[in-house]
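So this one's model16.txt, compact mmCIF, C-alpha atoms (C1' of nucleotides):
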```
# COMPACT_ATOMS: atom_id res chain seq x y z
CA MET A 2 31.89 13.20 9.02
CA GLY A 3 28.80 12.91 11.18
CA ALA A 4 25.55 11.22 10.37
CA MET A 5 23.82 14.49 9.54
CA THR A 6 26.19 15.23 6.69
CA GLU A 7 26.48 11.70 5.39
CA THR A 8 24.90 11.21 2.05
CA LEU A 9 21.61 9.43 2.53
CA THR A 10 21.10 6.25 0.55
CA HIS A 11 18.98 6.66 -2.54
CA PRO A 12 18.23 3.88 -5.01
CA PRO A 13 19.64 4.52 -8.48
CA ARG A 14 17.02 4.88 -11.20
CA SER A 15 17.56 1.31 -12.36
CA ASP A 16 16.75 -0.06 -8.91
CA ILE A 17 13.43 1.71 -8.49
CA GLN A 18 10.54 -0.76 -8.24
CA ILE A 19 7.04 0.12 -9.33
CA GLU A 20 5.50 -1.72 -6.37
CA SER A 21 7.58 0.31 -3.91
CA VAL A 22 6.71 3.56 -5.64
CA LEU A 23 3.01 2.78 -5.63
CA HIS A 24 3.11 1.70 -2.02
CA ALA A 25 4.94 4.89 -1.09
CA LEU A 26 2.35 7.01 -2.89
CA ALA A 27 -0.65 5.13 -1.48
CA ASP A 28 -0.52 6.83 1.92
CA PRO A 29 -2.44 10.10 2.49
CA VAL A 30 0.40 11.80 4.36
CA ARG A 31 3.01 10.80 1.82
CA LEU A 32 0.77 11.80 -1.06
CA ARG A 33 0.43 15.19 0.58
CA ILE A 34 4.20 15.49 0.78
CA VAL A 35 4.57 14.60 -2.88
CA ARG A 36 1.90 17.09 -3.91
CA GLU A 37 3.61 19.81 -1.92
CA LEU A 38 6.98 18.99 -3.46
CA ALA A 39 5.45 19.03 -6.93
CA ARG A 40 3.95 22.43 -6.21
CA ILE A 41 7.24 23.87 -4.98
CA GLY A 42 9.26 22.54 -7.88
CA CYS A 43 12.97 21.85 -8.11
CA ASP A 44 14.03 24.30 -5.40
CA GLY A 45 13.09 21.78 -2.76
CA ILE A 46 12.07 22.41 0.82
CA ALA A 47 13.26 21.54 4.31
CA CYS A 48 11.49 18.42 5.59
CA GLY A 49 10.16 20.20 8.64
CA ALA A 50 8.71 23.06 6.64
CA ILE A 51 6.01 20.88 5.12
CA ASP A 52 2.77 21.23 7.05
CA LEU A 53 1.71 17.76 8.17
CA PRO A 54 -0.76 16.44 10.76
CA VAL A 55 1.77 14.05 12.33
CA THR A 56 4.65 14.17 14.78
CA LYS A 57 8.31 14.59 13.91
CA SER A 58 9.12 10.91 14.12
CA THR A 59 6.23 9.90 11.89
CA ARG A 60 7.33 12.53 9.42
CA THR A 61 10.82 11.03 9.37
CA HIS A 62 9.31 7.61 8.82
CA HIS A 63 7.31 8.76 5.79
CA LEU A 64 10.23 10.65 4.30
CA ARG A 65 12.42 7.57 4.61
CA THR A 66 9.74 5.47 2.91
CA LEU A 67 9.56 7.94 0.03
CA ARG A 68 13.32 8.20 -0.21
CA GLU A 69 13.97 4.47 -0.17
CA ALA A 70 11.30 3.95 -2.81
CA GLY A 71 13.07 6.45 -5.04
CA VAL A 72 10.34 9.06 -5.02
CA ILE A 73 12.25 11.88 -3.34
CA GLN A 74 15.80 13.10 -3.02
CA VAL A 75 17.09 14.34 0.32
CA ARG A 76 20.18 16.49 0.63
CA PRO A 77 21.62 17.64 3.98
CA VAL A 78 22.21 21.37 4.31
CA GLY A 79 23.31 22.48 7.75
CA THR A 80 20.86 21.07 10.27
CA SER A 81 18.15 20.88 7.64
CA ARG A 82 17.47 18.44 4.86
CA ILE A 83 16.34 19.75 1.56
CA THR A 84 13.85 17.48 -0.11
CA THR A 85 13.00 17.37 -3.80
CA LEU A 86 10.84 15.19 -6.00
CA ARG A 87 12.73 12.83 -8.33
CA ARG A 88 10.57 13.94 -11.21
CA ASP A 89 13.07 13.18 -13.94
CA ASP A 90 13.59 9.61 -12.78
CA LEU A 91 9.90 8.90 -12.24
CA ASP A 92 8.88 10.46 -15.54
CA ALA A 93 11.55 8.45 -17.34
CA LEU A 94 10.54 5.16 -15.75
CA TYR A 95 6.76 5.63 -15.67
CA PRO A 96 5.81 8.40 -18.08
CA GLY A 97 2.48 9.91 -17.09
CA LEU A 98 2.23 8.28 -13.69
CA LEU A 99 3.13 11.31 -11.62
CA ASP A 100 1.07 13.71 -13.72
CA GLY A 101 -1.87 11.35 -13.54
CA ILE A 102 -1.67 11.20 -9.78
CA LEU A 103 -1.26 14.94 -9.40
CA ALA A 104 -4.30 15.41 -11.63
CA ALA A 105 -6.46 13.71 -9.00
CA PRO A 106 -8.83 15.99 -7.14
CA HIS A 107 -7.75 16.86 -3.58
CA MET B 17 -31.99 -14.27 -7.72
CA GLY B 18 -29.02 -15.89 -6.03
CA ALA B 19 -25.84 -14.32 -4.86
CA MET B 20 -23.89 -15.46 -7.89
CA THR B 21 -26.04 -13.45 -10.27
CA GLU B 22 -26.42 -10.37 -8.10
CA THR B 23 -24.70 -7.35 -9.46
CA LEU B 24 -21.52 -6.77 -7.50
CA THR B 25 -21.02 -3.35 -5.96
CA HIS B 26 -18.72 -1.06 -7.90
CA PRO B 27 -17.92 2.53 -6.95
CA PRO B 28 -19.10 5.09 -9.50
CA ARG B 29 -16.36 7.07 -11.18
CA SER B 30 -16.94 10.04 -8.92
CA ASP B 31 -16.34 7.95 -5.80
CA ILE B 32 -13.01 6.52 -6.85
CA GLN B 33 -10.20 7.63 -4.53
CA ILE B 34 -6.62 7.96 -5.67
CA GLU B 35 -5.29 6.51 -2.41
CA SER B 36 -7.44 3.39 -2.81
CA VAL B 37 -6.39 2.95 -6.40
CA LEU B 38 -2.71 3.29 -5.57
CA HIS B 39 -3.03 0.93 -2.63
CA ALA B 40 -4.81 -1.58 -4.83
CA LEU B 41 -2.08 -1.40 -7.44
CA ALA B 42 0.78 -1.58 -4.95
CA ASP B 43 0.50 -5.35 -4.43
CA PRO B 44 2.50 -7.69 -6.70
CA VAL B 45 -0.37 -10.13 -7.20
CA ARG B 46 -2.87 -7.39 -7.97
CA LEU B 47 -0.46 -5.64 -10.29
CA ARG B 48 -0.09 -8.93 -12.15
CA ILE B 49 -3.87 -9.14 -12.49
CA VAL B 50 -4.06 -5.60 -13.83
CA ARG B 51 -1.26 -6.22 -16.31
CA GLU B 52 -2.98 -9.36 -17.55
CA LEU B 53 -6.29 -7.52 -17.92
CA ALA B 54 -4.57 -4.72 -19.82
CA ARG B 55 -3.02 -7.28 -22.15
CA ILE B 56 -6.30 -9.00 -22.82
CA GLY B 57 -8.24 -5.81 -23.46
CA CYS B 58 -11.93 -5.13 -23.23
CA ASP B 59 -13.07 -8.71 -23.79
CA GLY B 60 -12.34 -9.51 -20.19
CA ILE B 61 -11.48 -12.85 -18.67
CA ALA B 62 -12.87 -15.24 -16.06
CA CYS B 63 -11.26 -14.57 -12.68
CA GLY B 64 -10.01 -18.13 -12.36
CA ALA B 65 -8.38 -18.12 -15.77
CA ILE B 66 -5.68 -15.70 -14.66
CA ASP B 67 -2.56 -17.59 -13.69
CA LEU B 68 -1.69 -16.61 -10.12
CA PRO B 69 0.58 -18.09 -7.44
CA VAL B 70 -2.12 -17.97 -4.74
CA THR B 71 -5.13 -19.98 -3.63
CA LYS B 72 -8.73 -19.38 -4.67
CA SER B 73 -9.65 -17.47 -1.55
CA THR B 74 -6.66 -15.15 -1.79
CA ARG B 75 -7.55 -14.54 -5.42
CA THR B 76 -11.07 -13.57 -4.37
CA HIS B 77 -9.63 -11.22 -1.77
CA HIS B 78 -7.44 -9.43 -4.31
CA LEU B 79 -10.22 -9.16 -6.87
CA ARG B 80 -12.49 -7.63 -4.28
CA THR B 81 -9.81 -5.12 -3.34
CA LEU B 82 -9.39 -4.12 -6.98
CA ARG B 83 -13.13 -3.97 -7.56
CA GLU B 84 -13.91 -1.89 -4.48
CA ALA B 85 -11.11 0.51 -5.38
CA GLY B 86 -12.68 1.00 -8.80
CA VAL B 87 -9.88 -0.56 -10.79
CA ILE B 88 -11.78 -3.48 -12.29
CA GLN B 89 -15.30 -4.35 -13.31
CA VAL B 90 -16.72 -7.79 -12.54
CA ARG B 91 -19.75 -9.20 -14.31
CA PRO B 92 -21.31 -12.59 -13.46
CA VAL B 93 -21.78 -14.94 -16.42
CA GLY B 94 -23.02 -18.40 -15.51
CA THR B 95 -20.75 -19.76 -12.80
CA SER B 96 -17.93 -17.51 -13.93
CA ARG B 97 -17.20 -13.85 -13.39
CA ILE B 98 -15.87 -11.89 -16.26
CA THR B 99 -13.35 -9.28 -15.18
CA THR B 100 -12.33 -6.19 -17.13
CA LEU B 101 -10.13 -3.20 -16.43
CA ARG B 102 -11.96 0.11 -15.90
CA ARG B 103 -9.61 1.80 -18.30
CA ASP B 104 -12.00 4.56 -19.35
CA ASP B 105 -12.68 5.63 -15.79
CA LEU B 106 -9.06 5.48 -14.69
CA ASP B 107 -7.82 7.31 -17.78
CA ALA B 108 -10.45 10.00 -17.28
CA LEU B 109 -9.62 10.50 -13.61
CA TYR B 110 -5.85 10.09 -13.75
CA PRO B 111 -4.69 10.49 -17.34
CA GLY B 112 -1.37 8.74 -17.86
CA LEU B 113 -1.34 6.84 -14.58
CA LEU B 114 -2.26 3.44 -15.96
CA ASP B 115 -0.03 3.76 -19.01
CA GLY B 116 2.83 4.88 -16.80
CA ILE B 117 2.44 1.85 -14.57
CA LEU B 118 2.11 -0.54 -17.46
CA ALA B 119 5.27 0.94 -18.95
CA ALA B 120 7.22 -0.33 -15.95
CA PRO B 121 9.56 -3.24 -16.65
CA HIS B 122 8.34 -6.61 -15.42
C1' DA C 7 -31.35 -35.48 -8.63
C1' DT C 8 -26.67 -35.67 -8.58
C1' DC C 9 -22.20 -34.04 -9.51
C1' DG C 10 -18.49 -31.04 -10.81
C1' DT C 11 -16.94 -26.42 -11.48
C1' DA C 12 -16.50 -21.45 -10.10
C1' DG C 13 -16.32 -18.52 -6.75
C1' DT C 14 -17.38 -16.63 -1.87
C1' DT C 15 -17.16 -16.44 3.16
C1' DC C 16 -15.31 -17.21 7.53
C1' DG C 17 -11.87 -17.57 11.03
C1' DA C 18 -7.07 -17.83 12.00
C1' DC C 19 -2.38 -16.56 11.74
C1' DA C 20 1.92 -14.13 10.95
C1' DG C 21 3.80 -10.09 9.14
C1' DT C 22 3.73 -5.26 7.99
C1' DC C 23 2.34 -0.41 8.75
C1' DG C 24 1.31 4.09 10.76
C1' DT C 25 1.55 6.32 14.88
C1' DC C 26 3.53 8.06 19.03
C1' DG C 27 6.87 9.41 22.92
C1' DT C 28 11.36 9.38 24.52
C1' DA C 29 16.03 9.59 23.88
C1' DG C 30 19.83 10.67 21.13
C1' DT C 31 22.88 12.98 17.48
C1' DA C 32 24.45 16.73 14.59
C1' DC C 33 25.02 21.35 13.23
C1' DG C 34 24.95 26.55 13.74
C1' DG C 35 24.91 30.53 16.60
C1' DT C 36 25.72 33.11 20.89
C1' DA D 13 31.33 25.89 25.99
C1' DC D 14 26.68 26.11 25.76
C1' DC D 15 22.07 26.12 23.89
C1' DG D 16 18.46 25.72 20.55
C1' DT D 17 17.01 23.77 16.29
C1' DA D 18 16.46 19.90 12.95
C1' DC D 19 16.17 15.61 12.42
C1' DT D 20 17.03 10.38 13.47
C1' DA D 21 16.65 5.98 16.20
C1' DC D 22 14.37 2.88 19.03
C1' DG D 23 10.73 0.48 21.18
C1' DA D 24 5.88 -0.06 21.71
C1' DC D 25 1.21 -0.34 20.43
C1' DG D 26 -3.04 -1.14 17.77
C1' DA D 27 -4.69 -1.66 13.18
C1' DC D 28 -4.55 -3.50 8.89
C1' DT D 29 -2.99 -6.99 5.24
C1' DG D 30 -1.92 -11.15 2.67
C1' DT D 31 -2.20 -15.76 3.13
C1' DC D 32 -4.34 -20.14 3.87
C1' DG D 33 -7.82 -24.11 4.61
C1' DA D 34 -12.35 -25.55 5.30
C1' DA D 35 -17.03 -24.97 4.68
C1' DC D 36 -20.49 -23.06 1.86
C1' DT D 37 -23.38 -21.35 -2.27
C1' DA D 38 -24.63 -21.06 -7.08
C1' DC D 39 -24.92 -22.50 -11.66
C1' DG D 40 -24.68 -25.85 -15.59
C1' DA D 41 -24.37 -30.47 -17.29
C1' DT D 42 -25.23 -35.33 -17.17
```

Translate the structure described by the file into structure tokens.
Amino acid sequence: MGAMTETLTHPPRSDIQIESVLHALADPVRLRIVRELARIGCDGIACGAIDLPVTKSTRTHHLRTLREAGVIQVRPVGTSRITTLRRDDLDALYPGLLDGILAAPH
Amino acid sequence: MGAMTETLTHPPRSDIQIESVLHALADPVRLRIVRELARIGCDGIACGAIDLPVTKSTRTHHLRTLREAGVIQVRPVGTSRITTLRRDDLDALYPGLLDGILAAPH
DNA sequence: ATCGTAGTTCGACAGTCGTCGTAGTACGGT
DNA sequence: ACCGTACTACGACGACTGTCGAACTACGAT
């Protein structure tokens, strides 16, 4: 099985660290990704379909940061990767945090 | 009036940026400060009275970061500076955010 | 006036971060 | 088999960050 179909590493809920989550959310580009994912809901979206003012490689970098922090879930489908917000985990760990952030004006 | 009694610059509620707040909260030392301030409540505490594993100058640096982000309020009293959490402003701007963060295990 | 306490400021340093371009890998379709 | 699409990996670069020590300022007390 090739790298594209390997399951990407995601931290289990119990390993998610608040510092990592906050750091992941503190970047404008990543915050934009999270807002877009929250808007779309649980259907998810291909990484590349999110409109971002950065190159492909930077996009990959940000998505990895979000994934390794436990903020998003990435699932390979064909040549694409469907990304979803880990709302259930975040809400369980830090109730109100995500809603509070999404309530911010933008 | 000397520098120690000058009013320190704090952003008004309307100027507080979610990215700055998240960045301010993403550091372990600063998160510890915020947790301590939340525990103490609205009475506030002298900056130096918070137990931290860093030197004086690093402490000053972190407190400035928190203050300029709009997370804390610092008021000079004698040679000390009383620090309080801007709970009302943060709760108004991002309802649930602070509580969610404070709910995190530590 | 002198001293101690509380906190700031400055410069320096190592480490991290966001960004990019280039090269590479994987999958689906023709 | 080949090509295009989707994304990753690597190396590089400048910018920012957390940390410190040393010097400095301000206030209160003796």

- Item | Distance query C:DC19 at most 12 Å, all atoms listed in the file, self and fewer than 4 positions along chain excluded, as a ChimeraX atom specification | /D:29-33

Post-fit chain A coords, all in-order Cα pairs vs chain B, as a PDB file with C-alpha atoms, in the coordinates of the input:
```
ATOM      1  CA  MET A   2     -31.980 -14.004  -7.589  1.00  0.00           C
ATOM      2  CA  GLY A   3     -29.018 -15.701  -5.964  1.00  0.00           C
ATOM      3  CA  ALA A   4     -25.789 -14.160  -4.835  1.00  0.00           C
ATOM      4  CA  MET A   5     -23.909 -15.353  -7.904  1.00  0.00           C
ATOM      5  CA  THR A   6     -26.102 -13.355 -10.247  1.00  0.00           C
ATOM      6  CA  GLU A   7     -26.443 -10.290  -8.074  1.00  0.00           C
ATOM      7  CA  THR A   8     -24.709  -7.290  -9.449  1.00  0.00           C
ATOM      8  CA  LEU A   9     -21.510  -6.766  -7.521  1.00  0.00           C
ATOM      9  CA  THR A  10     -21.006  -3.355  -5.973  1.00  0.00           C
ATOM     10  CA  HIS A  11     -18.716  -1.081  -7.921  1.00  0.00           C
ATOM     11  CA  PRO A  12     -17.933   2.506  -6.964  1.00  0.00           C
ATOM     12  CA  PRO A  13     -19.138   5.049  -9.516  1.00  0.00           C
ATOM     13  CA  ARG A  14     -16.370   7.033 -11.187  1.00  0.00           C
ATOM     14  CA  SER A  15     -16.969  10.011  -8.917  1.00  0.00           C
ATOM     15  CA  ASP A  16     -16.386   7.909  -5.806  1.00  0.00           C
ATOM     16  CA  ILE A  17     -13.034   6.487  -6.845  1.00  0.00           C
ATOM     17  CA  GLN A  18     -10.246   7.599  -4.499  1.00  0.00           C
ATOM     18  CA  ILE A  19      -6.667   7.922  -5.637  1.00  0.00           C
ATOM     19  CA  GLU A  20      -5.345   6.471  -2.371  1.00  0.00           C
ATOM     20  CA  SER A  21      -7.480   3.346  -2.790  1.00  0.00           C
ATOM     21  CA  VAL A  22      -6.413   2.930  -6.396  1.00  0.00           C
ATOM     22  CA  LEU A  23      -2.747   3.271  -5.535  1.00  0.00           C
ATOM     23  CA  HIS A  24      -3.070   0.895  -2.626  1.00  0.00           C
ATOM     24  CA  ALA A  25      -4.837  -1.622  -4.846  1.00  0.00           C
ATOM     25  CA  LEU A  26      -2.088  -1.387  -7.459  1.00  0.00           C
ATOM     26  CA  ALA A  27       0.770  -1.569  -4.945  1.00  0.00           C
ATOM     27  CA  ASP A  28       0.521  -5.332  -4.453  1.00  0.00           C
ATOM     28  CA  PRO A  29       2.518  -7.687  -6.728  1.00  0.00           C
ATOM     29  CA  VAL A  30      -0.356 -10.120  -7.248  1.00  0.00           C
ATOM     30  CA  ARG A  31      -2.863  -7.396  -7.992  1.00  0.00           C
ATOM     31  CA  LEU A  32      -0.444  -5.630 -10.304  1.00  0.00           C
ATOM     32  CA  ARG A  33      -0.076  -8.899 -12.168  1.00  0.00           C
ATOM     33  CA  ILE A  34      -3.839  -9.142 -12.519  1.00  0.00           C
ATOM     34  CA  VAL A  35      -4.048  -5.607 -13.854  1.00  0.00           C
ATOM     35  CA  ARG A  36      -1.246  -6.218 -16.336  1.00  0.00           C
ATOM     36  CA  GLU A  37      -2.965  -9.351 -17.568  1.00  0.00           C
ATOM     37  CA  LEU A  38      -6.276  -7.536 -17.944  1.00  0.00           C
ATOM     38  CA  ALA A  39      -4.568  -4.725 -19.833  1.00  0.00           C
ATOM     39  CA  ARG A  40      -2.994  -7.267 -22.155  1.00  0.00           C
ATOM     40  CA  ILE A  41      -6.293  -9.014 -22.844  1.00  0.00           C
ATOM     41  CA  GLY A  42      -8.203  -5.820 -23.483  1.00  0.00           C
ATOM     42  CA  CYS A  43     -11.917  -5.154 -23.253  1.00  0.00           C
ATOM     43  CA  ASP A  44     -13.033  -8.745 -23.821  1.00  0.00           C
ATOM     44  CA  GLY A  45     -12.317  -9.535 -20.206  1.00  0.00           C
ATOM     45  CA  ILE A  46     -11.463 -12.874 -18.664  1.00  0.00           C
ATOM     46  CA  ALA A  47     -12.861 -15.242 -16.059  1.00  0.00           C
ATOM     47  CA  CYS A  48     -11.266 -14.590 -12.662  1.00  0.00           C
ATOM     48  CA  GLY A  49     -10.037 -18.145 -12.350  1.00  0.00           C
ATOM     49  CA  ALA A  50      -8.389 -18.132 -15.751  1.00  0.00           C
ATOM     50  CA  ILE A  51      -5.689 -15.716 -14.647  1.00  0.00           C
ATOM     51  CA  ASP A  52      -2.544 -17.586 -13.671  1.00  0.00           C
ATOM     52  CA  LEU A  53      -1.661 -16.588 -10.115  1.00  0.00           C
ATOM     53  CA  PRO A  54       0.626 -18.047  -7.433  1.00  0.00           C
ATOM     54  CA  VAL A  55      -2.061 -17.942  -4.723  1.00  0.00           C
ATOM     55  CA  THR A  56      -5.058 -19.966  -3.614  1.00  0.00           C
ATOM     56  CA  LYS A  57      -8.652 -19.395  -4.657  1.00  0.00           C
ATOM     57  CA  SER A  58      -9.595 -17.481  -1.543  1.00  0.00           C
ATOM     58  CA  THR A  59      -6.629 -15.139  -1.793  1.00  0.00           C
ATOM     59  CA  ARG A  60      -7.511 -14.548  -5.412  1.00  0.00           C
ATOM     60  CA  THR A  61     -11.042 -13.580  -4.399  1.00  0.00           C
ATOM     61  CA  HIS A  62      -9.621 -11.240  -1.794  1.00  0.00           C
ATOM     62  CA  HIS A  63      -7.429  -9.429  -4.328  1.00  0.00           C
ATOM     63  CA  LEU A  64     -10.203  -9.189  -6.891  1.00  0.00           C
ATOM     64  CA  ARG A  65     -12.508  -7.662  -4.296  1.00  0.00           C
ATOM     65  CA  THR A  66      -9.816  -5.141  -3.359  1.00  0.00           C
ATOM     66  CA  LEU A  67      -9.404  -4.151  -7.003  1.00  0.00           C
ATOM     67  CA  ARG A  68     -13.136  -4.009  -7.567  1.00  0.00           C
ATOM     68  CA  GLU A  69     -13.912  -1.930  -4.498  1.00  0.00           C
ATOM     69  CA  ALA A  70     -11.128   0.481  -5.395  1.00  0.00           C
ATOM     70  CA  GLY A  71     -12.694   0.963  -8.811  1.00  0.00           C
ATOM     71  CA  VAL A  72      -9.883  -0.586 -10.801  1.00  0.00           C
ATOM     72  CA  ILE A  73     -11.781  -3.514 -12.300  1.00  0.00           C
ATOM     73  CA  GLN A  74     -15.300  -4.378 -13.332  1.00  0.00           C
ATOM     74  CA  VAL A  75     -16.719  -7.806 -12.560  1.00  0.00           C
ATOM     75  CA  ARG A  76     -19.747  -9.196 -14.339  1.00  0.00           C
ATOM     76  CA  PRO A  77     -21.319 -12.578 -13.496  1.00  0.00           C
ATOM     77  CA  VAL A  78     -21.800 -14.932 -16.428  1.00  0.00           C
ATOM     78  CA  GLY A  79     -23.039 -18.374 -15.482  1.00  0.00           C
ATOM     79  CA  THR A  80     -20.771 -19.724 -12.766  1.00  0.00           C
ATOM     80  CA  SER A  81     -17.937 -17.508 -13.927  1.00  0.00           C
ATOM     81  CA  ARG A  82     -17.196 -13.854 -13.428  1.00  0.00           C
ATOM     82  CA  ILE A  83     -15.853 -11.889 -16.295  1.00  0.00           C
ATOM     83  CA  THR A  84     -13.357  -9.292 -15.212  1.00  0.00           C
ATOM     84  CA  THR A  85     -12.321  -6.200 -17.138  1.00  0.00           C
ATOM     85  CA  LEU A  86     -10.125  -3.208 -16.445  1.00  0.00           C
ATOM     86  CA  ARG A  87     -11.970   0.090 -15.907  1.00  0.00           C
ATOM     87  CA  ARG A  88      -9.627   1.796 -18.314  1.00  0.00           C
ATOM     88  CA  ASP A  89     -12.007   4.541 -19.357  1.00  0.00           C
ATOM     89  CA  ASP A  90     -12.706   5.600 -15.786  1.00  0.00           C
ATOM     90  CA  LEU A  91      -9.075   5.464 -14.687  1.00  0.00           C
ATOM     91  CA  ASP A  92      -7.833   7.291 -17.766  1.00  0.00           C
ATOM     92  CA  ALA A  93     -10.472   9.973 -17.265  1.00  0.00           C
ATOM     93  CA  LEU A  94      -9.657  10.483 -13.597  1.00  0.00           C
ATOM     94  CA  TYR A  95      -5.873  10.062 -13.726  1.00  0.00           C
ATOM     95  CA  PRO A  96      -4.707  10.475 -17.311  1.00  0.00           C
ATOM     96  CA  GLY A  97      -1.383   8.728 -17.815  1.00  0.00           C
ATOM     97  CA  LEU A  98      -1.365   6.827 -14.550  1.00  0.00           C
ATOM     98  CA  LEU A  99      -2.269   3.434 -15.946  1.00  0.00           C
ATOM     99  CA  ASP A 100      -0.023   3.773 -18.988  1.00  0.00           C
ATOM    100  CA  GLY A 101       2.823   4.879 -16.770  1.00  0.00           C
ATOM    101  CA  ILE A 102       2.423   1.859 -14.552  1.00  0.00           C
ATOM    102  CA  LEU A 103       2.120  -0.546 -17.453  1.00  0.00           C
ATOM    103  CA  ALA A 104       5.286   0.961 -18.917  1.00  0.00           C
ATOM    104  CA  ALA A 105       7.248  -0.311 -15.917  1.00  0.00           C
ATOM    105  CA  PRO A 106       9.594  -3.187 -16.625  1.00  0.00           C
ATOM    106  CA  HIS A 107       8.360  -6.593 -15.412  1.00  0.00           C
TER     107      HIS A 107
END
```

Each residue of chain A with at least one atom at most 10 Å from chain D should appear once, together with its nearest atom pair and the corresponding distance in Å (one decimal); atoms considered: all atoms listed in the file; ordering: chain, then increasing residue number; output as a Markdown table.
```
| residue | atom | partner | partner_atom | distance |
| --- | --- | --- | --- | --- |
| A:Ala4 | CA | D:DT20 | C1' | 9.1 |
| A:Met5 | CA | D:DC19 | C1' | 8.3 |
| A:Ala47 | CA | D:DA18 | C1' | 9.4 |
| A:Cys48 | CA | D:DC19 | C1' | 8.7 |
| A:Gly49 | CA | D:DA18 | C1' | 7.6 |
| A:Lys57 | CA | D:DC19 | C1' | 8.1 |
| A:Ser58 | CA | D:DT20 | C1' | 8.0 |
| A:Arg60 | CA | D:DC19 | C1' | 9.8 |
| A:Thr61 | CA | D:DT20 | C1' | 7.5 |
| A:His62 | CA | D:DT20 | C1' | 9.4 |
| A:Gly79 | CA | D:DA18 | C1' | 9.0 |
| A:Thr80 | CA | D:DA18 | C1' | 5.3 |
| A:Ser81 | CA | D:DA18 | C1' | 5.7 |
| A:Arg82 | CA | D:DC19 | C1' | 8.2 |
```

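Look at B:Pro44: the protein and nucleic acid residues within 12 Å of it, using all atoms listed in the file and passing over chain neighbours fewer than 2 places away, are Gln18, Ile19, Glu20, Ser21, Leu23 and His24 of chain A; His39, Ala40, Leu41, Ala42, Arg46, Leu47, Arg48, Ile49, Val50, Arg51, Leu68, Pro69, Val70, His78 and His122 of chain B; DG30 of chain D.
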
- Message: With all atoms listed in the file considered, list every residue of chain C at most 7 Å from chain A, as a ChimeraX atom specification.
- Response: /C:25,32-33

Written file, previous selection with C-alpha atoms (C1' of nucleotides), as a compact mmCIF listing (two decimals), in the frame of the given file:
```txt
# COMPACT_ATOMS: atom_id res chain seq x y z
C1' DT C 25 1.55 6.32 14.88
C1' DA C 32 24.45 16.73 14.59
C1' DC C 33 25.02 21.35 13.23
```

- Interatomic distance, atom CA of B:Ala85 to atom CA of B:Ala65 (Å, one decimal):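 Interatomic distance here is 21.5 Å.
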
- Task: Show me as an MDAnalysis selection string the residues that reach within 10 Å of (7.1, 10.2, -10.9), counting all atoms listed in the file and using the file's own coordinates.
- Result: (chainID A and resid 22:23 26 35 39 71:73 86:103) or (chainID B and resid 113 116)

- Item | Point-to-point distance from atom CA of A:Asp52 to atom CA of A:Glu37, Å rounded to tenths | 9.1 Å

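Our summary of the geometry notes that atom CA of B:Cys58 is positioned 21.7 Å from atom C1' of C:DG13.
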
Around all the atoms of stretch 16-21 of chain C listed in the file, with 8 Å of room on each side, what axis-aligned box do you get, giving centre and edge lengths in Å to one decimal, as JSON?
```
{"center_x": -5.8, "center_y": -14.0, "center_z": 9.8, "size_x": 35.1, "size_y": 23.7, "size_z": 20.5}
```

Output stretch 65-73 of chain B with N, CA, C and O atoms present, as a PDB file, in the coordinates of the input.
```pdb
ATOM      1  N   ALA B  65      -9.235 -17.822 -14.620  1.00  0.00           N
ATOM      2  CA  ALA B  65      -8.380 -18.120 -15.770  1.00  0.00           C
ATOM      3  C   ALA B  65      -7.054 -17.377 -15.711  1.00  0.00           C
ATOM      4  O   ALA B  65      -6.152 -17.658 -16.495  1.00  0.00           O
ATOM      5  N   ILE B  66      -6.941 -16.429 -14.794  1.00  0.00           N
ATOM      6  CA  ILE B  66      -5.680 -15.700 -14.660  1.00  0.00           C
ATOM      7  C   ILE B  66      -4.726 -16.536 -13.826  1.00  0.00           C
ATOM      8  O   ILE B  66      -5.050 -16.964 -12.725  1.00  0.00           O
ATOM      9  N   ASP B  67      -3.552 -16.773 -14.378  1.00  0.00           N
ATOM     10  CA  ASP B  67      -2.560 -17.590 -13.690  1.00  0.00           C
ATOM     11  C   ASP B  67      -1.955 -16.811 -12.525  1.00  0.00           C
ATOM     12  O   ASP B  67      -1.323 -15.777 -12.728  1.00  0.00           O
ATOM     13  N   LEU B  68      -2.183 -17.298 -11.312  1.00  0.00           N
ATOM     14  CA  LEU B  68      -1.690 -16.610 -10.120  1.00  0.00           C
ATOM     15  C   LEU B  68      -1.118 -17.601  -9.120  1.00  0.00           C
ATOM     16  O   LEU B  68      -1.623 -18.714  -8.993  1.00  0.00           O
ATOM     17  N   PRO B  69      -0.072 -17.184  -8.403  1.00  0.00           N
ATOM     18  CA  PRO B  69       0.580 -18.090  -7.440  1.00  0.00           C
ATOM     19  C   PRO B  69      -0.077 -18.071  -6.066  1.00  0.00           C
ATOM     20  O   PRO B  69       0.605 -18.121  -5.057  1.00  0.00           O
ATOM     21  N   VAL B  70      -1.404 -17.976  -6.025  1.00  0.00           N
ATOM     22  CA  VAL B  70      -2.120 -17.970  -4.740  1.00  0.00           C
ATOM     23  C   VAL B  70      -3.343 -18.865  -4.823  1.00  0.00           C
ATOM     24  O   VAL B  70      -3.751 -19.283  -5.906  1.00  0.00           O
ATOM     25  N   THR B  71      -3.949 -19.119  -3.673  1.00  0.00           N
ATOM     26  CA  THR B  71      -5.130 -19.980  -3.630  1.00  0.00           C
ATOM     27  C   THR B  71      -6.366 -19.213  -4.096  1.00  0.00           C
ATOM     28  O   THR B  71      -6.332 -18.002  -4.273  1.00  0.00           O
ATOM     29  N   LYS B  72      -7.473 -19.972  -4.222  1.00  0.00           N
ATOM     30  CA  LYS B  72      -8.730 -19.380  -4.670  1.00  0.00           C
ATOM     31  C   LYS B  72      -9.173 -18.247  -3.775  1.00  0.00           C
ATOM     32  O   LYS B  72      -9.600 -17.184  -4.248  1.00  0.00           O
ATOM     33  N   SER B  73      -9.111 -18.474  -2.459  1.00  0.00           N
ATOM     34  CA  SER B  73      -9.650 -17.470  -1.550  1.00  0.00           C
ATOM     35  C   SER B  73      -8.810 -16.184  -1.563  1.00  0.00           C
ATOM     36  O   SER B  73      -9.360 -15.086  -1.460  1.00  0.00           O
TER      37      SER B  73
END
```
